[in-house]
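The structure file final.txt is reproduced below (compact mmCIF, C-alpha atoms and all ligand atoms).
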```txt
# COMPACT_ATOMS: atom_id res chain seq x y z
CA MET A 1 37.08 123.17 122.91
CA LYS A 2 36.70 120.58 120.18
CA LEU A 3 37.45 116.90 120.85
CA TRP A 4 38.08 114.19 118.29
CA GLY A 5 36.88 110.88 119.71
CA GLY A 6 37.92 112.05 123.17
CA LYS A 7 41.34 113.32 122.04
CA ARG A 8 42.52 116.88 121.84
CA TYR A 9 43.88 116.43 118.34
CA TYR A 10 42.50 115.07 115.09
CA SER A 11 44.12 111.64 114.89
CA LEU A 12 44.35 109.49 111.77
CA ASN A 13 42.59 106.65 113.57
CA TYR A 14 39.62 108.91 114.31
CA PHE A 15 39.56 110.30 110.77
CA LEU A 16 39.56 106.82 109.19
CA ARG A 17 36.86 105.52 111.54
CA GLN A 18 34.65 108.48 110.68
CA LYS A 19 35.27 108.11 106.98
CA PHE A 20 34.89 104.34 106.66
CA GLY A 21 32.78 103.51 109.72
CA GLU A 22 35.24 100.88 111.01
CA LYS A 23 38.89 100.26 111.83
CA VAL A 24 41.14 100.87 108.84
CA PHE A 25 44.83 100.13 109.01
CA LYS A 26 47.74 100.77 106.73
CA ILE A 27 49.63 97.96 105.07
CA SER A 28 53.21 99.16 104.50
CA LEU A 29 54.67 98.06 101.20
CA ASP A 30 58.01 98.06 99.45
CA ALA A 31 57.07 97.94 95.78
CA GLY A 32 60.67 97.70 94.60
CA PHE A 33 61.21 101.33 93.61
CA THR A 34 64.38 103.32 94.18
CA CYS A 35 64.91 107.01 94.81
CA PRO A 36 66.25 109.85 92.62
CA ASN A 37 68.10 111.18 95.63
CA ARG A 38 70.10 107.99 95.76
CA ASP A 39 70.74 107.16 92.12
CA GLY A 40 72.25 110.53 91.16
CA THR A 41 69.18 112.00 89.39
CA ALA A 42 68.43 114.46 92.21
CA GLY A 43 71.35 113.63 94.48
CA HIS A 44 73.68 110.98 95.79
CA GLY A 45 73.53 109.08 99.05
CA GLY A 46 69.94 109.97 99.93
CA CYS A 47 68.59 112.01 102.82
CA ILE A 48 70.96 111.63 105.76
CA PHE A 49 68.31 110.14 108.05
CA CYS A 50 67.03 107.59 105.53
CA SER A 51 67.52 103.92 106.31
CA ALA A 52 68.83 101.25 103.96
CA ARG A 53 65.24 100.23 103.17
CA GLY A 54 64.31 103.73 101.99
CA SER A 55 62.41 104.55 105.19
CA GLY A 56 60.19 101.55 104.63
CA ASP A 57 61.43 99.47 107.54
CA PHE A 58 57.99 98.13 108.40
CA ALA A 59 57.14 97.08 104.87
CA GLY A 60 56.88 93.42 104.03
CA THR A 61 59.78 91.48 102.59
CA LYS A 62 58.23 89.34 99.87
CA GLU A 63 59.00 90.42 96.34
CA ASN A 64 55.55 89.68 94.96
CA LEU A 65 53.39 92.64 95.92
CA VAL A 66 50.22 90.65 96.63
CA GLU A 67 52.12 88.13 98.77
CA GLN A 68 53.79 91.02 100.56
CA PHE A 69 50.42 92.63 101.21
CA PHE A 70 49.15 89.42 102.83
CA GLU A 71 52.37 89.00 104.80
CA VAL A 72 51.91 92.43 106.43
CA LYS A 73 48.14 92.04 106.72
CA GLU A 74 48.56 88.85 108.74
CA MET A 75 50.89 90.64 111.18
CA MET A 76 48.48 93.54 111.55
CA HIS A 77 45.60 91.20 112.28
CA LYS A 78 47.45 90.00 115.38
CA LYS A 79 46.67 93.47 116.78
CA TRP A 80 43.22 94.03 115.28
CA LYS A 81 40.78 91.28 114.37
CA GLU A 82 38.62 93.23 111.95
CA GLY A 83 39.26 96.05 109.56
CA LYS A 84 39.75 97.41 106.09
CA TYR A 85 43.07 98.44 104.55
CA ILE A 86 44.90 101.37 103.06
CA ALA A 87 47.73 100.03 100.93
CA TYR A 88 50.68 102.21 101.86
CA PHE A 89 53.43 102.50 99.27
CA GLN A 90 56.04 103.53 101.78
CA ALA A 91 59.59 102.51 100.91
CA TYR A 92 61.69 104.79 98.68
CA THR A 93 59.99 107.05 96.10
CA ASN A 94 56.72 105.55 94.99
CA THR A 95 56.13 107.64 91.88
CA TYR A 96 59.62 107.09 90.51
CA ALA A 97 59.01 104.74 87.59
CA PRO A 98 57.36 104.82 84.16
CA VAL A 99 53.66 105.50 84.47
CA GLU A 100 52.65 102.02 83.18
CA VAL A 101 54.73 100.41 85.92
CA LEU A 102 53.11 102.63 88.54
CA ARG A 103 49.64 101.89 87.23
CA GLU A 104 50.24 98.14 87.33
CA LYS A 105 51.50 98.26 90.94
CA TYR A 106 48.76 100.57 92.24
CA GLU A 107 46.00 98.61 90.52
CA THR A 108 47.33 95.27 91.71
CA VAL A 109 46.82 96.20 95.35
CA LEU A 110 43.61 98.13 94.74
CA ASN A 111 42.10 94.89 93.47
CA ILE A 112 42.75 93.09 96.76
CA ASP A 113 39.65 92.47 98.83
CA GLY A 114 39.19 94.95 101.67
CA VAL A 115 41.47 97.67 100.27
CA VAL A 116 39.63 100.98 100.54
CA GLY A 117 42.39 103.32 99.48
CA LEU A 118 45.99 104.06 98.63
CA ALA A 119 48.67 106.11 100.36
CA ILE A 120 51.64 106.97 98.19
CA ALA A 121 54.83 108.35 99.68
CA THR A 122 56.99 110.33 97.31
CA ARG A 123 59.15 113.39 96.71
CA PRO A 124 57.70 116.65 95.40
CA ASP A 125 60.23 116.62 92.53
CA CYS A 126 58.87 113.29 91.37
CA LEU A 127 55.42 114.28 90.14
CA PRO A 128 55.61 114.82 86.36
CA GLU A 129 52.44 115.54 84.38
CA ASP A 130 51.76 111.92 83.36
CA VAL A 131 52.10 110.73 86.98
CA LEU A 132 49.79 113.51 88.16
CA ASP A 133 47.27 112.40 85.53
CA LEU A 134 47.46 108.83 86.81
CA LEU A 135 47.03 109.97 90.42
CA ASP A 136 44.07 112.08 89.31
CA GLU A 137 42.48 109.04 87.71
CA ILE A 138 43.08 106.89 90.80
CA ASN A 139 41.78 109.61 93.10
CA LYS A 140 38.51 109.57 91.20
CA LYS A 141 37.95 105.89 91.82
CA THR A 142 39.29 105.34 95.33
CA TYR A 143 40.46 107.20 98.40
CA LEU A 144 44.02 108.45 97.88
CA TRP A 145 46.51 110.54 99.70
CA VAL A 146 50.03 111.48 98.62
CA GLU A 147 52.78 111.92 101.22
CA LEU A 148 55.50 114.49 100.67
CA GLY A 149 58.72 114.48 102.68
CA LEU A 150 59.28 118.17 103.36
CA GLN A 151 60.93 117.80 106.80
CA THR A 152 61.78 121.53 107.08
CA ILE A 153 61.18 124.82 105.25
CA HIS A 154 64.72 126.02 106.02
CA GLU A 155 67.05 125.75 103.04
CA ASP A 156 70.24 125.47 105.12
CA THR A 157 68.81 122.47 106.98
CA ALA A 158 67.49 121.01 103.73
CA LYS A 159 71.06 121.14 102.35
CA LEU A 160 72.50 119.64 105.51
CA ILE A 161 70.10 116.69 105.37
CA ASN A 162 70.66 116.35 101.62
CA ARG A 163 66.95 116.61 100.82
CA GLY A 164 67.80 117.42 97.23
CA TYR A 165 65.09 119.93 96.28
CA PRO A 166 64.19 123.52 97.23
CA LEU A 167 61.04 124.64 99.05
CA GLU A 168 59.53 125.98 95.79
CA THR A 169 59.32 122.42 94.50
CA TYR A 170 57.15 121.44 97.45
CA ILE A 171 54.93 124.50 96.92
CA LYS A 172 54.52 123.68 93.22
CA ALA A 173 53.74 120.01 93.94
CA ILE A 174 51.12 120.85 96.51
CA GLU A 175 49.45 123.24 94.04
CA GLU A 176 49.36 120.58 91.33
CA LEU A 177 47.84 118.06 93.74
CA LYS A 178 45.31 120.62 94.95
CA LYS A 179 44.19 121.30 91.35
CA ARG A 180 43.30 117.61 91.18
CA ASN A 181 41.67 117.46 94.63
CA ILE A 182 44.24 114.95 95.86
CA ASP A 183 44.86 114.90 99.60
CA VAL A 184 48.39 115.63 100.76
CA VAL A 185 50.17 114.49 103.91
CA THR A 186 53.32 116.46 104.72
CA HIS A 187 56.21 114.99 106.71
CA VAL A 188 58.06 117.22 109.17
CA ILE A 189 61.01 116.10 111.33
CA LEU A 190 61.41 117.65 114.77
CA GLY A 191 64.92 117.97 116.15
CA LEU A 192 67.00 118.18 112.97
CA PRO A 193 70.55 119.48 113.50
CA GLY A 194 70.60 123.27 113.85
CA GLU A 195 66.84 123.55 114.34
CA ASP A 196 65.57 125.05 117.57
CA LYS A 197 61.95 125.40 118.64
CA LYS A 198 61.52 128.69 116.74
CA ARG A 199 62.65 127.17 113.45
CA ILE A 200 60.55 124.03 113.93
CA LEU A 201 57.43 126.09 114.62
CA GLU A 202 58.13 128.19 111.51
CA THR A 203 57.96 124.99 109.46
CA VAL A 204 54.76 123.88 111.19
CA ASP A 205 53.16 127.32 110.66
CA PHE A 206 54.08 127.17 107.00
CA VAL A 207 52.62 123.69 106.53
CA ALA A 208 49.49 124.73 108.45
CA HIS A 209 48.81 127.31 105.73
CA THR A 210 49.40 125.09 102.71
CA ASN A 211 46.87 122.80 101.13
CA THR A 212 47.87 119.84 103.24
CA GLN A 213 45.13 117.65 104.69
CA GLY A 214 47.43 115.65 106.93
CA ILE A 215 50.73 116.00 108.74
CA LYS A 216 53.27 113.51 110.06
CA LEU A 217 55.37 114.85 112.90
CA HIS A 218 58.46 112.68 113.27
CA LEU A 219 60.94 112.69 116.07
CA LEU A 220 64.47 112.71 114.64
CA HIS A 221 65.77 109.17 114.98
CA LEU A 222 69.30 108.00 114.59
CA MET A 223 69.28 104.65 112.85
CA LYS A 224 72.13 102.31 112.11
CA GLY A 225 73.44 102.52 108.58
CA THR A 226 72.28 106.11 107.95
CA ARG A 227 74.57 109.01 107.04
CA LEU A 228 73.41 110.76 110.20
CA VAL A 229 75.69 108.42 112.13
CA GLU A 230 78.72 110.40 110.80
CA LEU A 231 77.41 113.57 112.46
CA TYR A 232 76.70 111.64 115.63
CA LYS A 233 80.25 110.31 115.77
CA ARG A 234 81.57 113.86 115.37
CA GLY A 235 79.41 114.94 118.33
CA GLU A 236 77.24 117.18 116.13
CA LEU A 237 73.88 115.69 117.05
CA LYS A 238 71.75 116.51 120.03
CA PHE A 239 68.55 114.64 120.80
CA LEU A 240 65.42 115.95 122.46
CA SER A 241 64.49 114.47 125.82
CA MET A 242 61.05 112.89 126.04
CA ASP A 243 59.80 115.78 128.12
CA GLU A 244 61.06 118.39 125.61
CA TYR A 245 59.57 116.42 122.74
CA VAL A 246 56.15 116.06 124.36
CA ASP A 247 56.00 119.80 124.98
CA LEU A 248 57.15 120.58 121.45
CA ILE A 249 54.53 118.29 119.91
CA VAL A 250 51.79 120.09 121.83
CA ASP A 251 53.23 123.45 120.65
CA CYS A 252 53.09 122.20 117.06
CA ILE A 253 49.56 120.84 117.22
CA GLU A 254 48.16 123.97 118.84
CA ARG A 255 49.22 125.83 115.71
CA LEU A 256 47.53 123.50 113.22
CA PRO A 257 44.03 124.17 111.94
CA GLU A 258 41.29 121.90 113.29
CA ASP A 259 40.84 120.12 109.98
CA ILE A 260 44.40 118.83 109.45
CA VAL A 261 44.63 115.14 110.33
CA VAL A 262 47.60 114.23 112.51
CA HIS A 263 48.97 111.02 111.00
CA ARG A 264 51.98 110.65 113.26
CA LEU A 265 53.26 112.07 116.52
CA THR A 266 56.44 110.12 117.13
CA GLY A 267 59.24 108.45 115.29
CA ASP A 268 58.94 104.79 114.51
CA SER A 269 62.10 102.75 113.99
CA PRO A 270 62.63 99.05 114.44
CA ARG A 271 64.29 98.21 117.76
CA SER A 272 67.10 96.51 115.87
CA LEU A 273 68.05 99.72 114.02
CA ILE A 274 67.60 102.57 116.45
CA ILE A 275 70.61 104.12 118.18
CA GLU A 276 68.99 107.18 119.77
CA PRO A 277 66.76 108.35 121.38
CA LEU A 278 65.88 105.05 123.01
CA TRP A 279 62.98 106.49 125.00
CA SER A 280 61.07 106.67 121.72
CA LEU A 281 60.76 102.88 121.71
CA LYS A 282 58.13 103.21 124.43
CA LYS A 283 55.61 104.43 121.90
CA TRP A 284 52.50 104.11 124.07
CA GLU A 285 54.19 105.89 126.95
CA VAL A 286 55.05 108.78 124.64
CA LEU A 287 51.52 108.97 123.23
CA ASN A 288 50.00 108.89 126.71
CA ALA A 289 52.40 111.61 127.87
CA ILE A 290 51.28 113.77 124.94
CA ASP A 291 47.60 113.31 125.85
CA LYS A 292 48.41 114.18 129.44
CA ARG A 293 50.38 117.29 128.46
CA PHE A 294 47.42 118.55 126.40
CA GLU A 295 45.31 118.30 129.53
CA GLU A 296 47.89 119.85 131.86
CA ARG A 297 48.26 122.80 129.52
CA ASP A 298 44.51 122.85 128.85
CA THR A 299 45.09 123.21 125.17
CA TRP A 300 44.01 121.53 121.88
CA GLN A 301 44.58 121.42 118.14
CA GLY A 302 43.85 124.77 116.55
CA LYS A 303 44.03 126.84 119.72
CA TYR A 304 46.75 129.06 118.26
CA PHE A 305 46.13 128.63 114.56
CA LYS A 306 46.11 132.02 112.95
S1 LIG A 401 63.63 110.90 99.35
FE1 LIG A 401 62.77 109.34 100.74
S2 LIG A 401 63.61 107.40 99.99
FE2 LIG A 401 64.81 109.03 99.05
S3 LIG A 401 66.58 109.24 100.39
FE3 LIG A 401 65.06 110.77 101.07
S4 LIG A 401 63.83 109.75 102.66
FE4 LIG A 401 65.00 108.15 101.56
```
How would this structure read if it were set down as structure tokens?
Ligand code: SF4
Amino acid sequence: MKLWGGKRYYSLNYFLRQKFGEKVFKISLDAGFTCPNRDGTAGHGGCIFCSARGSGDFAGTKENLVEQFFEVKEMMHKKWKEGKYIAYFQAYTNTYAPVEVLREKYETVLNIDGVVGLAIATRPDCLPEDVLDLLDEINKKTYLWVELGLQTIHEDTAKLINRGYPLETYIKAIEELKKRNIDVVTHVILGLPGEDKKRILETVDFVAHTNTQGIKLHLLHLMKGTRLVELYKRGELKFLSMDEYVDLIVDCIERLPEDIVVHRLTGDSPRSLIIEPLWSLKKWEVLNAIDKRFEERDTWQGKYFK
């Protein structure tokens, strides 16, 4: 059985420590972009789980990107004294602007002392050739990963959540990024309406066999101000219990290859916005329960990867 810094899965923390030789933490940013799934280009209203801040609820609030970086950095240093930084373009769609605008924003933060890389969250339908060329150029001079919000491989669920692109678009994007040796982190949501364990594991199996170097497993969260609230009010949403979720996470990770980095294992919503499931606010309890379940089941990442 392989262990990663004492854990039974390949955590992001472990990966970054190995790669950079010290603590590296992400600085979440809102660079002022919008999203084609909100402005009518790919869809209207956005993904039904997406918050008013474009799923960037932990990003800083200052408009100036450098000031915002330092605002978040200061908060992070309350938890960790020392470290380097990955600037994380998190809110909305971070490749959705003319290429010169993107270049200016990416380079601004790359020039900040201590920044060792960039993480760029985007949609697979937002990677035109000129943006791919820019990412290629950046990838050659710093560490870069691109995050793609897949959430599910099932087209009926994708329609229900208003994702706004078909699975083929994800496959094409991942191929284009692979051609350029750019690391990809794929987002998957566990517990979407109409998705049972079988369907969730089908998505995880699919992602496990794509050229993705990292995965974010999110617990479905109901947040105030999202379109998901309409379904909730109609009684059409069911939430996983903590025990069900912990078991499901272990099922998912067993099926991943040993070399995929697990970037996230839970949901993460601000206390002020979350409606359900409230147990997820006890993040450390959930993470400890996951570690414990790995041991109880005597299993590990990759055990059932085929
Ligand atoms: S693509 Fe991202 S930013 Fe846009 S609506 Fe969906 S989750 Fe929100």
Practice task
Find the residues around Trp4 in chain A up to 10 Å (all atoms listed in the file counted), leave out those fewer than 4 positions away in its own chain, and share them as a list in words.
Solution key: Arg8, Tyr9, Tyr10, Ser11, Asn13, Tyr14, Phe15, Glu258 and Gln301 of chain A
Handout entry: Who sits within 10 Å of range 59-63 of chain A, all atoms listed in the file, same chain under 3 positions skipped, as a PyMOL selection string
Key = chain A and resi 27-32+53+55-56+66-73+75+88-91
Practice task
Within 6 Å of Lys216 in chain A, counting all atoms listed in the file, which residues show up once you throw out same-chain ones fewer than 2 positions away? Write them as a PyMOL selection string, please.
Solution key: chain A and resi 187+263-264
Resulting file, chosen residues, C-alpha atoms, as a compact mmCIF listing (two decimals), in the frame of the given file:
```txt
# COMPACT_ATOMS: atom_id res chain seq x y z
CA HIS A 187 56.21 114.99 106.71
CA HIS A 263 48.97 111.02 111.00
CA ARG A 264 51.98 110.65 113.26
```
Practice task
Find the residues near ligand LIG 401 (chain A). Use a cut-off of 6 Å, count all atoms listed in the file, and write them as a ChimeraX atom specification.
Solution key: /A:35,37-38,46-47,50,54-55,92-93,123
Handout entry: Nearby residues (all atoms listed in the file) at most 9 Å from Ala208 in chain A, same-chain spacing under 5 positions excluded, as JSON, numbers by chain
Key = {"A": [203, 215, 255, 256, 257, 260, 305]}
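Among the candidate residues A:Glu100, A:Glu276, A:Asp125, A:Glu254, the one lying nearest to Lys306 in chain A is A:Glu254, with distances computed using all atoms listed in the file.
Between CA of His77 in chain A and CA of Ile120 in chain A the interatomic distance comes to 22.0 Å.
The shortest atom-to-atom distance to Thr152 in chain A, with only C-alpha atoms taken into account, belongs to A:Ile200 out of A:Glu129, A:Thr108, A:Ile174, A:Ile200.
Closest to Lys23 in chain A among A:Lys282, A:Lys197, A:Lys79, A:Arg234 is A:Lys79, based on only C-alpha atoms.
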Fill in the blank from the handout: Expressed in Å, the length from CA of Leu265 in chain A to CA of Val184 in chain A is 16.9 Å
